[in-house]
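Enquirer: Got a structure here, written out as structure tokens. Questions coming.
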Amino acid sequence: MIRPALSPLPTTLDYSALSKEELTERIHWRKRDLNAVILGHNYQRVEIQDVSDFLGDSLALSQEAAGTEADVIVFCGVHFMAETAKILSPEKTVLMPDLRAGCPMADFVTPEALRRVKAAHPDALVVAYVNSSAEVKAESDICCTSSNAVAVVESLPESRPVILLPDRNLAAYVAEKTGRTNIIPWDGYCYVHDDMVLEELERARAKHPGALVVIHPEARQDLLDRADRVTSTSGMVRLAREHDALIIGTERGLVDRLRQQYPHKTLVPLSGAAVCGNMKLNTLPKLAWSMDHLRHEVTMDEDIRSRAEASLRRMLEVSGGWRAPAGEPDALVAAGVGPSGCGCA
Ligand code: 13P
Ligand code: SF4
């Protein structure tokens with residue numbers, strides 16, 4: 001049981017008055033008490049990453065959520081990620097420190113709009129990027145993430161058109177990599193990645209001419225065309241281990257953590273303005289509050305959950321199962337870390 005000195009406080013404001021050390025101690029105690037695991041996305045604030053049991057990209061986090069033996073999953077990411085954990089582990093309690101942490105890209109698609117597009121393309125298969133709601137996943141044939149999108153689309157019969165949602169940039173990238181001309185993109189985007197522009201890349205390159213340019217596939221095509229590597233956030237983590245100088249085209253949280261981890265390397269953000277305010281809604285005080293009060297619990301209708309699970313399971317089958325790949329060489333291949341690679345799981 002939790003020791004009396006660490007009994008719950010009434011509001012998040014009370015937690016904000018505690019020091020980082022007190023909050024960290026409280027989180028560790030509660031984790032043992034609940035048999036909980038904290039899953040953190042690579043874009044989380046560094047202090048959240050520090051208390052996370054597992055850090056990763058969307059694919060690795062979903063694999064971890066599906067395989068964990070904990071009773072409680074505390075998800076520090078955005079809503080679709082916590083929902084994915086609940087879909088894959090329905091018997092577990094899944095908590096989010098702040099329910100408002102949604103993904104604006106996921107909000108581009110509603111189940112009604114998707115049903116309309118499906119009716120207009122009755123022979124098409126639907127590939128839902130995991131950045132989508134459980135209801136949208138339930139309406140889809142298979143899911144994908146940034147690290148397996150190419151492999152997922154390649155697993156589908158070439159004769160069938162593919163509705164790829166919600167990211168138009170990812171859809172364009174996958175179309176180019178697979179050579180398919182029958183991909184129907186959704187007109188959604190991620191404001192963090194879509195806002196990165198060529199001038200920023202050129203400035204960074206002029207300053208760091210020897211640095212490897214790694215960019216997330218949610219960025220625009222003109223940037224991806226100039227990247228040395230296109231990969232998921234975990235692919236970037238692995239590249240930072242291997243290289244001394246990187247220009248990193250993704251959210252700042254990841255770059256900040258890598259700089260802390262490798263202070264002697266040259267790790268520069270492609271854009272200093274690339275901040276996902278939604279991811280940053282999770283804070284250490286809110287995390288401690290969430291665990292002490294078992295809030296906010298993620299729930300969903302069982303019919304939606306089981307249909308969404310079928311789409312996620314199909315994706316995980318293409319990506320080699322439930323667990324994150326263990327061996328480093330395998331992990332590199334699975335993360336699509338090859339020349340401009342993305343999605344060769
Ligand atoms: P990753 O799966 O590459 O971590 O990306 C998730 C995301 O939300 C990127 O914006
Ligand atoms: Fe969504 Fe973009 Fe934030 Fe990722 S970075 S969670 S895609 S808004």
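The chains in the structure tokens are called A, B, ... from first to last as shown; in each chain the residues are counted from 1, and the ligands are counted from 1 in the order shown.
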Can you tell me which residues sit at most 6 Å away from ligand 1, counting only C-alpha atoms and all ligand atoms, written as a list in words?

Expert: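 So, counting only C-alpha atoms and all ligand atoms, the residues near ligand 1 are Asp57, Ser58, Leu59, Thr145, Ser146, Ser232 and Thr233 of chain A.
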
Enquirer: Please write the residues from the selection above to a file, keeping C-alpha atoms, as a CSV table (one decimal), in the first residue's frame.

Expert:
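What follows is the written file part06.csv:
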chain,number,residue,atom,x,y,z
A,57,ASP,CA,7.0,5.7,-31.3
A,58,SER,CA,3.4,4.8,-31.9
A,59,LEU,CA,4.2,1.3,-33.1
A,145,THR,CA,2.1,3.9,-38.1
A,146,SER,CA,4.9,6.1,-39.4
A,232,SER,CA,9.5,7.4,-37.3
A,233,THR,CA,10.5,9.0,-34.0

Enquirer: At a cut-off of 6 Å and counting only C-alpha atoms and all ligand atoms, what residues surround ligand 2? Please answer as a list of chain:residue names.

Expert: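 So, counting only C-alpha atoms and all ligand atoms, the residues near ligand 2 are A:Val78, A:Cys103, A:Pro104, A:Met105, A:Cys190, A:Tyr191, A:Val192, A:Cys276, A:Asn278.
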
Enquirer: So what do you get for CA of Ala308 in chain A versus CA of Glu91 in chain A, distance-wise?

Expert: 15.5 Å

Enquirer: Please indicate the distance in Å from CA of Leu125 in chain A to CA of Ile142 in chain A, rounded to one decimal place.

Expert: 8.3 Å

Enquirer: Could you write out, as a short mmCIF file (atom, residue, chain, number, x, y, z; two decimals) with N, CA and C atoms, in the first residue's frame, all the residues of range 58-200 of chain A that DSSP marks as helix (DSSP H, G or I)?

Expert:
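Final file, part-v9.cif:
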data_model
loop_
_atom_site.label_atom_id
_atom_site.label_comp_id
_atom_site.auth_asym_id
_atom_site.auth_seq_id
_atom_site.Cartn_x
_atom_site.Cartn_y
_atom_site.Cartn_z
N SER A 58 4.72 5.32 -32.02
CA SER A 58 3.36 4.77 -31.91
C SER A 58 3.36 3.24 -32.04
N LEU A 59 4.19 2.72 -32.93
CA LEU A 59 4.19 1.27 -33.12
C LEU A 59 4.73 0.56 -31.88
N ALA A 60 5.89 1.00 -31.41
CA ALA A 60 6.50 0.35 -30.24
C ALA A 60 5.59 0.46 -29.02
N LEU A 61 4.95 1.61 -28.85
CA LEU A 61 4.07 1.79 -27.69
C LEU A 61 2.85 0.88 -27.79
N SER A 62 2.33 0.70 -29.00
CA SER A 62 1.16 -0.18 -29.12
C SER A 62 1.58 -1.63 -28.89
N GLN A 63 2.78 -1.98 -29.34
CA GLN A 63 3.26 -3.34 -29.10
C GLN A 63 3.47 -3.57 -27.60
N GLU A 64 4.01 -2.57 -26.94
CA GLU A 64 4.24 -2.68 -25.50
C GLU A 64 2.90 -2.77 -24.75
N ALA A 65 1.94 -1.94 -25.16
CA ALA A 65 0.62 -1.94 -24.50
C ALA A 65 -0.05 -3.30 -24.66
N ALA A 66 0.16 -3.92 -25.82
CA ALA A 66 -0.47 -5.22 -26.07
C ALA A 66 0.18 -6.32 -25.24
N GLY A 67 1.45 -6.14 -24.90
CA GLY A 67 2.18 -7.24 -24.24
C GLY A 67 2.42 -7.05 -22.76
N HIS A 79 -4.55 11.27 -27.09
CA HIS A 79 -5.69 10.42 -26.84
C HIS A 79 -5.70 9.14 -27.69
N PHE A 80 -5.38 9.26 -29.00
CA PHE A 80 -5.49 8.06 -29.84
C PHE A 80 -4.51 6.98 -29.37
N MET A 81 -3.40 7.40 -28.75
CA MET A 81 -2.41 6.42 -28.29
C MET A 81 -2.95 5.66 -27.07
N ALA A 82 -3.59 6.41 -26.15
CA ALA A 82 -4.17 5.75 -24.97
C ALA A 82 -5.33 4.85 -25.40
N GLU A 83 -6.09 5.33 -26.37
CA GLU A 83 -7.20 4.51 -26.89
C GLU A 83 -6.66 3.21 -27.50
N THR A 84 -5.56 3.33 -28.23
CA THR A 84 -4.95 2.14 -28.83
C THR A 84 -4.56 1.13 -27.75
N ALA A 85 -4.02 1.64 -26.64
CA ALA A 85 -3.65 0.76 -25.54
C ALA A 85 -4.89 0.05 -24.99
N LYS A 86 -5.98 0.78 -24.85
CA LYS A 86 -7.22 0.18 -24.33
C LYS A 86 -7.79 -0.85 -25.31
N ILE A 87 -7.70 -0.53 -26.60
CA ILE A 87 -8.21 -1.46 -27.62
C ILE A 87 -7.45 -2.79 -27.54
N LEU A 88 -6.14 -2.69 -27.35
CA LEU A 88 -5.31 -3.90 -27.35
C LEU A 88 -5.28 -4.61 -26.00
N ALA A 106 -5.83 13.64 -36.01
CA ALA A 106 -6.85 12.58 -35.90
C ALA A 106 -8.25 13.16 -36.08
N ASP A 107 -8.43 14.40 -35.66
CA ASP A 107 -9.77 15.03 -35.73
C ASP A 107 -10.20 15.37 -37.16
N PHE A 108 -9.29 15.22 -38.12
CA PHE A 108 -9.68 15.48 -39.51
C PHE A 108 -10.69 14.45 -40.04
N PRO A 111 -16.15 9.25 -38.30
CA PRO A 111 -16.64 7.99 -38.88
C PRO A 111 -17.68 8.25 -39.97
N GLU A 112 -18.49 9.29 -39.82
CA GLU A 112 -19.53 9.59 -40.83
C GLU A 112 -18.87 9.96 -42.15
N ALA A 113 -17.87 10.85 -42.09
CA ALA A 113 -17.20 11.27 -43.32
C ALA A 113 -16.51 10.07 -43.98
N LEU A 114 -15.92 9.22 -43.16
CA LEU A 114 -15.25 8.04 -43.73
C LEU A 114 -16.26 7.12 -44.41
N ARG A 115 -17.42 6.94 -43.78
CA ARG A 115 -18.44 6.08 -44.41
C ARG A 115 -18.86 6.65 -45.77
N ARG A 116 -18.92 7.98 -45.84
CA ARG A 116 -19.30 8.60 -47.13
C ARG A 116 -18.24 8.34 -48.20
N VAL A 117 -16.97 8.49 -47.83
CA VAL A 117 -15.89 8.26 -48.80
C VAL A 117 -15.84 6.78 -49.20
N LYS A 118 -16.09 5.91 -48.24
CA LYS A 118 -16.12 4.47 -48.56
C LYS A 118 -17.24 4.16 -49.56
N ALA A 119 -18.38 4.81 -49.37
CA ALA A 119 -19.52 4.56 -50.28
C ALA A 119 -19.18 5.03 -51.70
N ALA A 120 -18.35 6.09 -51.78
CA ALA A 120 -17.96 6.60 -53.10
C ALA A 120 -16.88 5.72 -53.76
N ALA A 134 -10.80 5.60 -32.27
CA ALA A 134 -11.19 4.18 -32.24
C ALA A 134 -12.32 3.94 -33.23
N GLU A 135 -13.25 4.89 -33.33
CA GLU A 135 -14.39 4.70 -34.25
C GLU A 135 -13.93 4.66 -35.70
N VAL A 136 -12.94 5.50 -36.03
CA VAL A 136 -12.41 5.50 -37.39
C VAL A 136 -11.64 4.19 -37.64
N LYS A 137 -10.88 3.74 -36.66
CA LYS A 137 -10.17 2.46 -36.82
C LYS A 137 -11.18 1.34 -37.05
N ALA A 138 -12.30 1.43 -36.32
CA ALA A 138 -13.32 0.39 -36.44
C ALA A 138 -13.91 0.34 -37.85
N ALA A 149 4.04 2.15 -42.47
CA ALA A 149 3.02 2.52 -43.46
C ALA A 149 3.30 1.91 -44.84
N VAL A 150 4.57 1.95 -45.25
CA VAL A 150 4.92 1.41 -46.57
C VAL A 150 4.67 -0.10 -46.59
N ALA A 151 5.12 -0.78 -45.55
CA ALA A 151 4.96 -2.24 -45.49
C ALA A 151 3.48 -2.63 -45.45
N VAL A 152 2.68 -1.85 -44.71
CA VAL A 152 1.25 -2.16 -44.61
C VAL A 152 0.60 -2.03 -45.98
N VAL A 153 0.88 -0.93 -46.68
CA VAL A 153 0.26 -0.74 -48.00
C VAL A 153 0.77 -1.80 -48.98
N GLU A 154 2.04 -2.14 -48.88
CA GLU A 154 2.57 -3.19 -49.77
C GLU A 154 1.93 -4.55 -49.51
N ARG A 168 -2.28 13.60 -45.49
CA ARG A 168 -1.99 13.69 -46.93
C ARG A 168 -0.49 13.57 -47.21
N ASN A 169 0.34 14.03 -46.27
CA ASN A 169 1.79 13.95 -46.50
C ASN A 169 2.28 12.50 -46.44
N LEU A 170 1.79 11.77 -45.44
CA LEU A 170 2.17 10.36 -45.34
C LEU A 170 1.65 9.60 -46.56
N ALA A 171 0.44 9.94 -47.00
CA ALA A 171 -0.13 9.27 -48.17
C ALA A 171 0.74 9.51 -49.40
N ALA A 172 1.21 10.75 -49.57
CA ALA A 172 2.06 11.07 -50.74
C ALA A 172 3.38 10.30 -50.64
N TYR A 173 3.92 10.23 -49.43
CA TYR A 173 5.18 9.52 -49.23
C TYR A 173 5.03 8.02 -49.56
N VAL A 174 3.94 7.44 -49.06
CA VAL A 174 3.70 6.01 -49.29
C VAL A 174 3.46 5.75 -50.78
N ALA A 175 2.74 6.66 -51.43
CA ALA A 175 2.49 6.50 -52.88
C ALA A 175 3.82 6.50 -53.62
N GLU A 176 4.71 7.39 -53.23
CA GLU A 176 6.00 7.46 -53.92
C GLU A 176 6.84 6.20 -53.66
N LYS A 177 6.87 5.75 -52.40
CA LYS A 177 7.70 4.59 -52.06
C LYS A 177 7.18 3.29 -52.66
N THR A 178 5.84 3.16 -52.74
CA THR A 178 5.27 1.91 -53.24
C THR A 178 5.08 1.95 -54.76
N TYR A 191 -0.20 19.80 -37.83
CA TYR A 191 0.24 21.20 -37.88
C TYR A 191 1.72 21.34 -37.50
N VAL A 192 2.23 20.45 -36.70
CA VAL A 192 3.63 20.55 -36.26
C VAL A 192 4.58 20.26 -37.43
N HIS A 193 4.29 19.20 -38.17
CA HIS A 193 5.18 18.80 -39.27
C HIS A 193 4.89 19.56 -40.55
N ASP A 194 3.61 19.83 -40.81
CA ASP A 194 3.26 20.50 -42.06
C ASP A 194 3.79 21.94 -42.08
N LEU A 198 11.03 24.57 -46.23
CA LEU A 198 12.32 24.37 -46.89
C LEU A 198 13.39 25.36 -46.44
N GLU A 199 12.98 26.62 -46.24
CA GLU A 199 13.97 27.64 -45.84
C GLU A 199 14.62 27.24 -44.52
N GLU A 200 13.83 26.68 -43.61
CA GLU A 200 14.39 26.26 -42.32
C GLU A 200 15.41 25.14 -42.52
#

Enquirer: Which one of A:Glu21, A:Lys92, A:Asp71, A:Cys76 sits closest to Asp53 in chain A if you count only C-alpha atoms?

Expert: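 Closest to Asp53 in chain A of all the choices is A:Cys76.
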
Enquirer: Can you list, as a ChimeraX atom specification, every residue of range 130-327 of chain A that DSSP puts in strand (DSSP E)?

Expert: /A:142-144,162-165,183-185,212-215,229-230,245-249,266-269

Enquirer: Of the candidates A:Pro166, A:Pro269, A:Gly253, A:Gly102, which one gets nearest to Gln49 in chain A if we count only C-alpha atoms?

Expert: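 For Gln49 in chain A, the nearest of the candidates is A:Gly253.
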
Enquirer: I need the residue nearest Leu239 in chain A from this list: A:Arg30, A:Val255, A:His293, A:Val214. Use only C-alpha atoms for the distance.

Expert: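 Closest to Leu239 in chain A, using only C-alpha atoms: A:Val214.
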